[in-house]
Structures are given as structure tokens and as C-alpha cells.
$ cat input_30.cif   # mmCIF, C-alpha atoms
data_data
loop_
_atom_site.label_atom_id
_atom_site.label_comp_id
_atom_site.auth_asym_id
_atom_site.auth_seq_id
_atom_site.Cartn_x
_atom_site.Cartn_y
_atom_site.Cartn_z
CA MET A 24 -21.15 -1.52 -14.27
CA LYS A 25 -23.09 -1.76 -11.03
CA LYS A 26 -21.29 -1.28 -7.75
CA SER A 27 -22.56 -1.28 -4.17
CA ILE A 28 -20.70 1.03 -1.80
CA ALA A 29 -20.74 1.35 1.98
CA PHE A 30 -19.98 4.99 2.83
CA PHE A 31 -18.80 5.33 6.44
CA VAL A 32 -18.88 8.75 8.11
CA ASN A 33 -17.50 9.34 11.59
CA PRO A 34 -20.60 9.97 13.78
CA LEU A 35 -18.51 12.24 16.03
CA LYS A 36 -17.64 14.50 13.10
CA LYS A 37 -21.11 15.90 12.54
CA SER A 38 -20.82 19.43 11.19
CA PRO A 39 -22.36 21.45 8.36
CA LYS A 40 -19.06 21.18 6.48
CA ILE A 41 -19.00 17.38 6.63
CA SER A 42 -22.72 17.12 5.86
CA ASN A 43 -22.32 19.34 2.82
CA TYR A 44 -19.31 17.31 1.67
CA VAL A 45 -21.24 14.03 1.94
CA THR A 46 -24.18 15.56 0.05
CA TRP A 47 -21.85 16.81 -2.67
CA VAL A 48 -20.21 13.38 -3.03
CA LEU A 49 -23.55 11.61 -3.27
CA HIS A 50 -24.88 14.10 -5.83
CA ARG A 51 -21.79 13.91 -8.06
CA THR A 52 -21.69 10.14 -7.83
CA SER A 53 -25.35 9.79 -8.82
CA GLN A 54 -24.64 11.97 -11.85
CA GLU A 55 -21.44 10.27 -12.99
CA ARG A 56 -22.15 6.69 -11.86
CA PRO A 57 -25.98 6.37 -11.93
CA ALA A 58 -25.80 2.57 -11.70
CA TRP A 59 -23.92 2.68 -8.40
CA SER A 60 -25.65 2.27 -5.06
CA VAL A 61 -24.21 4.18 -2.09
CA GLN A 62 -25.42 3.47 1.45
CA VAL A 63 -24.30 5.95 4.11
CA PHE A 64 -23.50 4.76 7.62
CA ALA A 65 -23.30 7.84 9.82
CA GLU A 66 -24.47 6.28 13.08
CA ALA A 67 -24.26 2.53 13.69
CA TRP A 68 -21.70 0.77 11.52
CA PRO A 69 -22.50 -2.74 10.21
CA ALA A 70 -20.99 -5.97 11.53
CA ASP A 71 -19.69 -6.96 8.08
CA PHE A 72 -19.63 -5.88 4.43
CA GLU A 73 -21.82 -8.56 2.90
CA GLY A 74 -23.37 -7.26 -0.30
CA PHE A 75 -20.89 -4.41 -0.75
CA ASP A 76 -18.13 -4.07 -3.34
CA GLU A 77 -16.22 -1.08 -1.96
CA ILE A 78 -15.76 1.01 1.18
CA TRP A 79 -15.76 4.81 1.31
CA LEU A 80 -14.46 6.24 4.56
CA MET A 81 -14.76 9.90 5.55
CA GLY A 82 -12.84 11.26 8.52
CA GLY A 83 -9.29 11.84 9.69
CA ASP A 84 -6.47 9.63 10.91
CA GLY A 85 -8.45 8.71 14.03
CA THR A 86 -11.42 7.56 11.95
CA TYR A 87 -9.19 5.47 9.68
CA HIS A 88 -7.52 4.02 12.77
CA TYR A 89 -10.89 3.07 14.25
CA PHE A 90 -11.99 1.45 10.99
CA VAL A 91 -8.94 -0.80 10.50
CA ASN A 92 -9.03 -1.91 14.12
CA ARG A 93 -12.74 -2.67 13.98
CA TYR A 94 -12.45 -4.43 10.61
CA PRO A 95 -8.87 -5.80 10.58
CA GLU A 96 -9.67 -8.42 7.91
CA CYS A 97 -11.31 -6.02 5.46
CA SER A 98 -10.42 -7.12 1.92
CA LEU A 99 -12.55 -4.62 -0.04
CA PRO A 100 -10.98 -1.55 -1.66
CA ILE A 101 -11.14 1.47 0.66
CA ALA A 102 -11.51 5.04 -0.59
CA LEU A 103 -10.41 7.67 1.92
CA PHE A 104 -12.20 11.03 2.14
CA LYS A 105 -10.60 13.95 3.98
CA GLY A 106 -12.64 14.94 7.03
CA GLY A 107 -10.31 15.25 10.02
CA THR A 108 -7.99 17.76 11.66
CA GLY A 109 -4.65 16.38 10.45
CA ASN A 110 -5.48 14.14 7.46
CA ASP A 111 -1.88 12.92 7.33
CA PHE A 112 -2.46 9.43 5.92
CA TYR A 113 -4.91 10.83 3.38
CA TRP A 114 -2.17 13.24 2.29
CA LYS A 115 0.30 10.37 1.88
CA VAL A 116 -2.10 8.59 -0.46
CA PHE A 117 -3.50 11.53 -2.46
CA GLY A 118 -1.21 14.50 -1.82
CA ASP A 119 -2.58 18.00 -2.26
CA ILE A 120 -5.34 17.66 -4.82
CA SER A 121 -8.71 19.33 -5.16
CA ARG A 122 -11.99 17.79 -4.06
CA GLU A 123 -12.96 17.33 -7.71
CA GLN A 124 -9.67 15.60 -8.58
CA HIS A 125 -9.97 13.35 -5.56
CA LEU A 126 -13.50 12.23 -6.41
CA ALA A 127 -12.41 11.51 -9.97
CA CYS A 128 -9.74 9.15 -8.55
CA VAL A 129 -12.31 7.46 -6.32
CA LEU A 130 -14.74 6.96 -9.20
CA ALA A 131 -11.95 5.58 -11.40
CA GLY A 132 -11.49 2.86 -8.78
CA LYS A 133 -7.78 2.04 -9.16
CA SER A 134 -6.65 0.21 -6.02
CA GLU A 135 -3.31 -0.90 -4.60
CA ALA A 136 -2.33 -2.86 -1.51
CA LEU A 137 -0.67 -0.64 1.11
CA ASP A 138 1.21 -1.53 4.27
CA ALA A 139 0.00 -1.13 7.83
CA GLY A 140 1.69 -1.59 11.17
CA LYS A 141 0.84 -3.18 14.49
CA VAL A 142 1.88 -2.08 17.97
CA ASN A 143 0.89 -4.42 20.80
CA ASP A 144 -2.74 -5.26 19.88
CA MET A 145 -3.41 -2.08 17.90
CA LEU A 146 -3.18 -1.62 14.12
CA PHE A 147 -2.02 1.67 12.66
CA LEU A 148 -1.74 3.21 9.20
CA ASN A 149 0.21 6.36 9.94
CA GLY A 150 2.51 5.97 12.90
CA VAL A 151 3.35 5.78 16.58
CA GLY A 152 5.10 8.42 18.68
CA ILE A 153 6.21 7.27 22.13
CA GLY A 154 6.48 9.78 24.95
CA ILE A 155 6.20 13.40 23.95
CA GLU A 156 3.85 12.61 21.07
CA GLY A 157 1.43 11.02 23.53
CA GLU A 158 1.61 14.08 25.77
CA VAL A 159 1.02 16.39 22.80
CA LEU A 160 -2.03 14.36 21.82
CA ARG A 161 -3.48 14.68 25.30
CA SER A 162 -3.00 18.46 25.09
CA MET A 163 -4.52 18.53 21.60
CA ASP A 164 -7.90 17.51 23.01
CA ALA A 165 -8.24 21.01 24.47
CA ILE A 166 -7.45 22.80 21.18
CA ARG A 167 -8.50 20.25 18.56
CA TYR A 168 -10.95 22.71 17.01
CA ILE A 169 -7.93 24.68 15.71
CA GLY A 170 -6.46 21.64 13.98
CA GLY A 171 -3.56 21.31 11.59
CA ALA A 172 0.00 22.43 12.22
CA ILE A 173 -1.03 25.51 14.23
CA GLY A 174 -2.99 23.40 16.69
CA TYR A 175 -0.09 20.97 16.89
CA TYR A 176 2.36 23.80 17.65
CA LEU A 177 0.15 25.14 20.44
CA ALA A 178 -0.05 21.69 22.00
CA ALA A 179 3.58 20.74 21.38
CA ILE A 180 5.50 23.75 22.69
CA PRO A 181 4.55 23.41 26.39
CA ASN A 182 5.36 19.69 26.24
CA ILE A 183 8.67 20.34 24.47
CA LEU A 184 9.64 22.66 27.32
CA ARG A 185 8.85 20.24 30.14
CA PHE A 186 9.11 16.70 28.76
CA LYS A 187 11.98 14.64 30.21
CA GLU A 188 13.95 12.08 28.22
CA TYR A 189 13.45 8.38 28.91
CA GLY A 190 15.42 5.15 28.62
CA ILE A 191 14.78 2.36 26.13
CA TRP A 192 16.05 -1.14 25.51
CA PHE A 193 15.57 -3.19 22.35
CA GLY A 194 14.49 -6.83 22.45
CA LYS A 195 14.47 -7.22 26.22
CA LYS A 196 14.93 -5.28 29.42
CA SER A 197 18.41 -5.79 30.85
CA ILE A 198 20.63 -4.71 33.74
CA GLU A 199 22.64 -2.60 31.31
CA ALA A 200 21.87 1.10 31.29
CA PRO A 201 19.13 1.94 28.78
CA ARG A 202 19.65 4.24 25.84
CA SER A 203 18.43 7.71 26.70
CA VAL A 204 16.18 9.37 24.10
CA PHE A 205 14.02 12.44 23.86
CA LEU A 206 11.95 11.04 21.00
CA CYS A 207 11.16 7.59 19.66
CA MET A 208 8.82 7.20 16.70
CA VAL A 209 7.91 4.22 14.52
CA PHE A 210 5.98 5.11 11.39
CA ASN A 211 4.46 3.48 8.35
CA SER A 212 3.71 6.79 6.64
CA ALA A 213 5.50 10.13 6.40
CA ARG A 214 3.95 12.79 8.59
CA ALA A 215 1.80 13.56 11.65
CA GLY A 216 0.35 16.54 13.45
CA GLY A 217 -1.31 17.94 10.36
CA GLY A 218 1.90 18.43 8.38
CA PHE A 219 5.02 17.58 10.40
CA HIS A 220 7.18 15.57 7.99
CA PHE A 221 8.92 13.32 10.48
CA PHE A 222 9.72 10.67 7.84
CA PRO A 223 9.97 12.40 4.45
CA MET A 224 11.53 9.28 2.90
CA ALA A 225 8.86 6.83 4.12
CA SER A 226 7.05 4.49 1.74
CA ILE A 227 3.72 2.80 2.46
CA GLN A 228 4.50 -0.01 0.01
CA ASP A 229 8.01 -1.14 0.98
CA GLY A 230 7.07 -3.80 3.56
CA GLN A 231 8.93 -1.93 6.30
CA LEU A 232 8.36 0.50 9.14
CA ASP A 233 10.62 3.49 9.78
CA MET A 234 12.06 4.34 13.20
CA LEU A 235 13.38 7.70 14.40
CA LEU A 236 15.38 8.17 17.61
CA CYS A 237 16.35 11.59 18.91
CA GLU A 238 18.99 11.89 21.60
CA PRO A 239 18.32 14.23 24.56
CA LEU A 240 18.44 17.91 23.62
CA PRO A 241 18.51 21.17 25.60
CA VAL A 242 15.21 23.04 25.58
CA LEU A 243 16.37 25.82 23.25
CA LYS A 244 17.55 23.30 20.66
CA ARG A 245 14.24 21.50 20.85
CA LEU A 246 12.43 24.71 19.95
CA PHE A 247 14.98 25.69 17.29
CA TYR A 248 14.72 22.42 15.38
CA MET A 249 10.94 22.09 15.53
CA PRO A 250 10.30 24.09 12.30
CA LYS A 251 13.02 22.09 10.52
CA ILE A 252 11.26 18.86 11.42
CA GLN A 253 7.93 20.24 10.24
CA GLN A 254 9.49 20.91 6.83
CA GLY A 255 11.26 17.53 6.66
CA LYS A 256 14.72 19.15 6.61
CA HIS A 257 16.15 17.18 9.53
CA VAL A 258 17.22 13.85 8.06
CA ASN A 259 20.98 14.53 8.24
CA TYR A 260 21.22 15.89 11.79
CA SER A 261 23.76 14.02 13.91
CA PHE A 262 21.49 13.79 16.97
CA LEU A 263 18.84 11.88 14.97
CA GLU A 264 19.02 8.24 13.98
CA PHE A 265 16.82 6.76 11.26
CA SER A 266 16.45 3.04 10.61
CA ASP A 267 13.89 0.62 9.19
CA LEU A 268 12.41 -2.51 10.66
CA THR A 269 9.94 -5.30 10.08
CA SER A 270 9.57 -6.11 13.77
CA LYS A 271 11.03 -4.76 16.99
CA THR A 272 10.17 -4.69 20.68
CA ILE A 273 10.97 -1.50 22.60
CA TYR A 274 11.10 -1.57 26.40
CA CYS A 275 10.87 1.74 28.28
CA ASP A 276 12.12 2.59 31.76
CA ARG A 277 8.69 3.94 32.73
CA VAL A 278 5.10 3.80 31.54
CA LEU A 279 4.64 6.30 28.73
CA ARG A 280 1.81 7.61 26.64
CA ALA A 281 2.10 7.03 22.91
CA GLN A 282 -0.02 8.46 20.14
CA VAL A 283 -1.14 5.86 17.63
CA ASP A 284 -2.82 7.52 14.63
CA GLY A 285 -4.31 10.09 16.97
CA GLU A 286 -5.29 7.64 19.71
CA VAL A 287 -3.54 7.17 23.06
CA LEU A 288 -1.78 3.96 24.12
CA GLU A 289 -0.15 3.71 27.57
CA ALA A 290 2.54 1.07 28.10
CA ASP A 291 6.16 0.45 29.00
CA VAL A 292 6.59 -2.19 26.27
CA PHE A 293 5.85 -1.49 22.61
CA ASP A 294 5.94 -4.49 20.28
CA PHE A 295 6.02 -3.47 16.60
CA THR A 296 5.33 -5.53 13.48
CA VAL A 297 4.86 -4.45 9.88
CA LEU A 298 1.85 -5.82 8.00
CA PRO A 299 2.89 -5.72 4.33
CA ALA A 300 0.16 -5.01 1.76
CA LYS A 301 -2.45 -5.32 4.51
CA PHE A 302 -5.30 -3.23 3.05
CA LYS A 303 -6.37 -2.25 -0.46
CA PHE A 304 -6.87 1.47 -0.97
CA ILE A 305 -8.17 3.51 -3.87
CA VAL A 306 -5.20 5.52 -5.18
CA PRO A 307 -4.66 8.23 -7.83
#

$ encode --input "input_30.cif" --output "C-alpha cells"
Amino acid sequence: MKKSIAFFVNPLKKSPKISNYVTWVLHRTSQERPAWSVQVFAEAWPADFEGFDEIWLMGGDGTYHYFVNRYPECSLPIALFKGGTGNDFYWKVFGDISREQHLACVLAGKSEALDAGKVNDMLFLNGVGIGIEGEVLRSMDAIRYIGGAIGYYLAAIPNILRFKEYGIWFGKKSIEAPRSVFLCMVFNSARAGGGFHFFPMASIQDGQLDMLLCEPLPVLKRLFYMPKIQQGKHVNYSFLEFSDLTSKTIYCDRVLRAQVDGEVLEADVFDFTVLPAKFKFIVP
């Protein structure tokens, strides 16, 4: 069966490793699916997908975020290729499998509709961290070459030490005192920061988003519980509150930075909506 594929590669991720990976994918595909046509877009991306049957997308969470916001009405199946620093949404879809196993899944072509989320005017696949997560992301820019959980730790610890809690209201801002929190996160997927399992119970096919609130904590407790959160062993702690939602507006008592799939959003109002079964993805 013939198939025409648009293979998108993040132009900012040029490296010998990525180039070799793309070459390997193209070579294996030509061997195993000789009737398929694969066109690589590594510089300018097209305005639409006319003439294509499937999308292949290589990068990390930031690349996926850029793609879904540039093409929010994409209806073609999307195959994700791991090429970023964190690769958290990729992990949620494929888990820890080899490059060969992953390509076999892509070539098999099984697709399922997966949820996405929206905050203000921005779509996201993975999740949103308001406050400290935005500050960590800003710090990550200086050490992004390290990547993964180690890079996240190096960026997070200074912010954990100095970040001050903030007040939030739900639905509308009122004269009543806001709820004070150290952390507020709304996620579609399970993890961020290259392996921090903030929402180990999260599903990307349940038509809901997951919210985590953390009450203010002393500095030493913040540091103590950080490894527990990385491992996903924090779901029963009394100072954490988990809930799910389909839509919710969060008002903050000051303008805060939020990280949205590795991108920064600054606001004092965050309006969330789930987008059930929004995009079709190639799955194992």
C-alpha cells in the first residue's frame, strides 16, 4: 500500500545525533516500506498537509507543542519520534522501548485519538505548571544541554529555595482571601522535567485533565519531597490535593510564569479546557 508521509524535524534541533537518526529512519523505511514516500521538512514547514496521509514529528515536548499550536485542526495520524531533552509526552505514548521497536510501531500504523488541553489560547499535550515550574523553565535555558532529570534538578533546586507561595481563586476573583499554594499544576499527561512523575495516575484518553495543588511548605520539606515526586510516590501526602476537571479558570494574586509543554506563558488568569480525543497518534 502506498503512503505519503510528511516528516517534520525541528530546525532548531540540528545535531549529528538527530541527523543520523533521521537518516536511519529513512533508510529503514525505504527497506521495509519501499512503496512509501517520505518528504522531510527540516527548515520551512508547509501551510497544510494536502497530498499527505500521515505526519511524522521528530523533537521533544516543545516541538510537539509548536506543531499542535501551528496546526490545531490536524486530522492526520501523527507519529512521534524522540528528539528532545525531556521527551515526556513521547514516553507516555510509547514508554521505554528501543528505537527498533518504536519504528516497528510507526510502520504498523495503528492510531488512536488522544486528549489534549487548552490554557488561554494555547494548546498543550503534556501539561501546565503555574509559578515555580515557569521559573524552573526559565532557568533551564541556561543548562538545557544537560537535559533530563539531572538538568531539571539543577534548575529546580535554586527556585525551590527562593520561590514564594501565591494565592489562587477558582472561577472568579473575589474579596475573600485566596487559597495559598506553593504549586499548582494542570496536566493531560503524567510527567514533566524529563522524568518527574507528577501525575502517575493520569490518562491521555479519559476526557479529563488532572490538577495538583500543593500547600505552602518549609524549604527543607520542599527539598526532602522532591525525589519522592520524581518517582511518583507522593499521591497520598496530606499536603497535596489531586482532582480532575474538564474546564476550570484559575485566578492568581499576581502575574506568574507558567511552563506549557516547555514553553513560557505569563498571566494572572489561566483558563483551562480539556479537548477530548483531539489528535490521532500512532501508538504501540

$ atom_distance --input "input_30.cif" --atom1 "CA of Asp71 in chain A" --atom2 "CA of Ile101 in chain A"
14.1 Å

$ closest_residue --input "input_30.cif" --among "A:Pro57, A:Glu73, A:Ser266, A:Met81" --to "Phe31 in chain A" --atoms "all atoms listed in the file"
A:Met81

$ resolve_selection --input "input_30.cif" --expression "the PyMOL selection byres ((chain A and resi 142-156) around 7)" --output "PyMOL selection string"
chain A and resi 88+91-92+112+139-141+157-160+182+186+206-212+279-284+293-296

$ closest_residue --input "input_30.cif" --among "A:Phe104, A:Trp192, A:Phe302, A:Phe30" --to "Tyr274 in chain A" --atoms "only C-alpha atoms"
A:Trp192

$ atom_distance --input "input_30.cif" --atom1 "CA of Gly106 in chain A" --atom2 "CA of Ala70 in chain A"
23.0 Å

$ closest_residue --input "input_30.cif" --among "A:Asn110, A:Tyr260, A:Ser226, A:Lys196" --to "Ala213 in chain A" --atoms "only C-alpha atoms"
A:Ser226

$ resolve_selection --input "input_30.cif" --expression "the PyMOL selection byres ((chain A and resi 74) around 9)" --output "number ranges by chain"
A: 27-28, 72-73, 75-76

$ resolve_selection --input "input_30.cif" --expression "the PyMOL selection byres ((chain A and resi 123) around 12)" --output "list in words"
Tyr44, Trp47, Val48, Arg51, Thr52, Phe104, Asp119, Ile120, Ser121, Arg122, Gln124, His125, Leu126, Ala127, Cys128, Val129 and Leu130 of chain A

$ residues_near_point --input "input_30.cif" --point "(1.5, 6.7, 33.8)" --cutoff "10 Å" --atoms "only C-alpha atoms" --output "ChimeraX atom specification"
/A:277-280,289-291

$ atom_distance --input "input_30.cif" --atom1 "CA of Leu49 in chain A" --atom2 "CA of Ile227 in chain A"
29.2 Å

$ closest_residue --input "input_30.cif" --among "A:Asp233, A:Glu188, A:Glu264, A:Glu238" --to "Asp276 in chain A" --atoms "only C-alpha atoms"
A:Glu188

$ residues_near_point --input "input_30.cif" --point "(21.5, 8.1, 26.5)" --cutoff "8 Å" --atoms "only C-alpha atoms" --output "list in words"
Gly190, Pro201, Arg202, Ser203, Val204, Glu238 and Pro239 of chain A

$ closest_residue --input "input_30.cif" --among "A:Arg56, A:Lys244, A:His50, A:Lys303" --to "Lys133 in chain A" --atoms "all atoms listed in the file"
A:Lys303

$ residues_around --input "input_30.cif" --residues "range 218-222 of chain A" --least-positions-apart "2" --cutoff "7 Å" --atoms "only C-alpha atoms" --output "MDAnalysis selection string"
chainID A and resid 111 171:172 213:216 224:225 252:255

$ closest_residue --input "input_30.cif" --among "A:Leu298, A:Leu235, A:Gly83, A:Arg245" --to "Lys187 in chain A" --atoms "only C-alpha atoms"
A:Arg245

$ axis_aligned_box --input "input_30.cif" --around "range 100-117 of chain A" --padding-each-side "6 Å" --output "JSON"
{"center_x": -6.2, "center_y": 8.1, "center_z": 4.6, "size_x": 24.9, "size_y": 31.3, "size_z": 26.1}
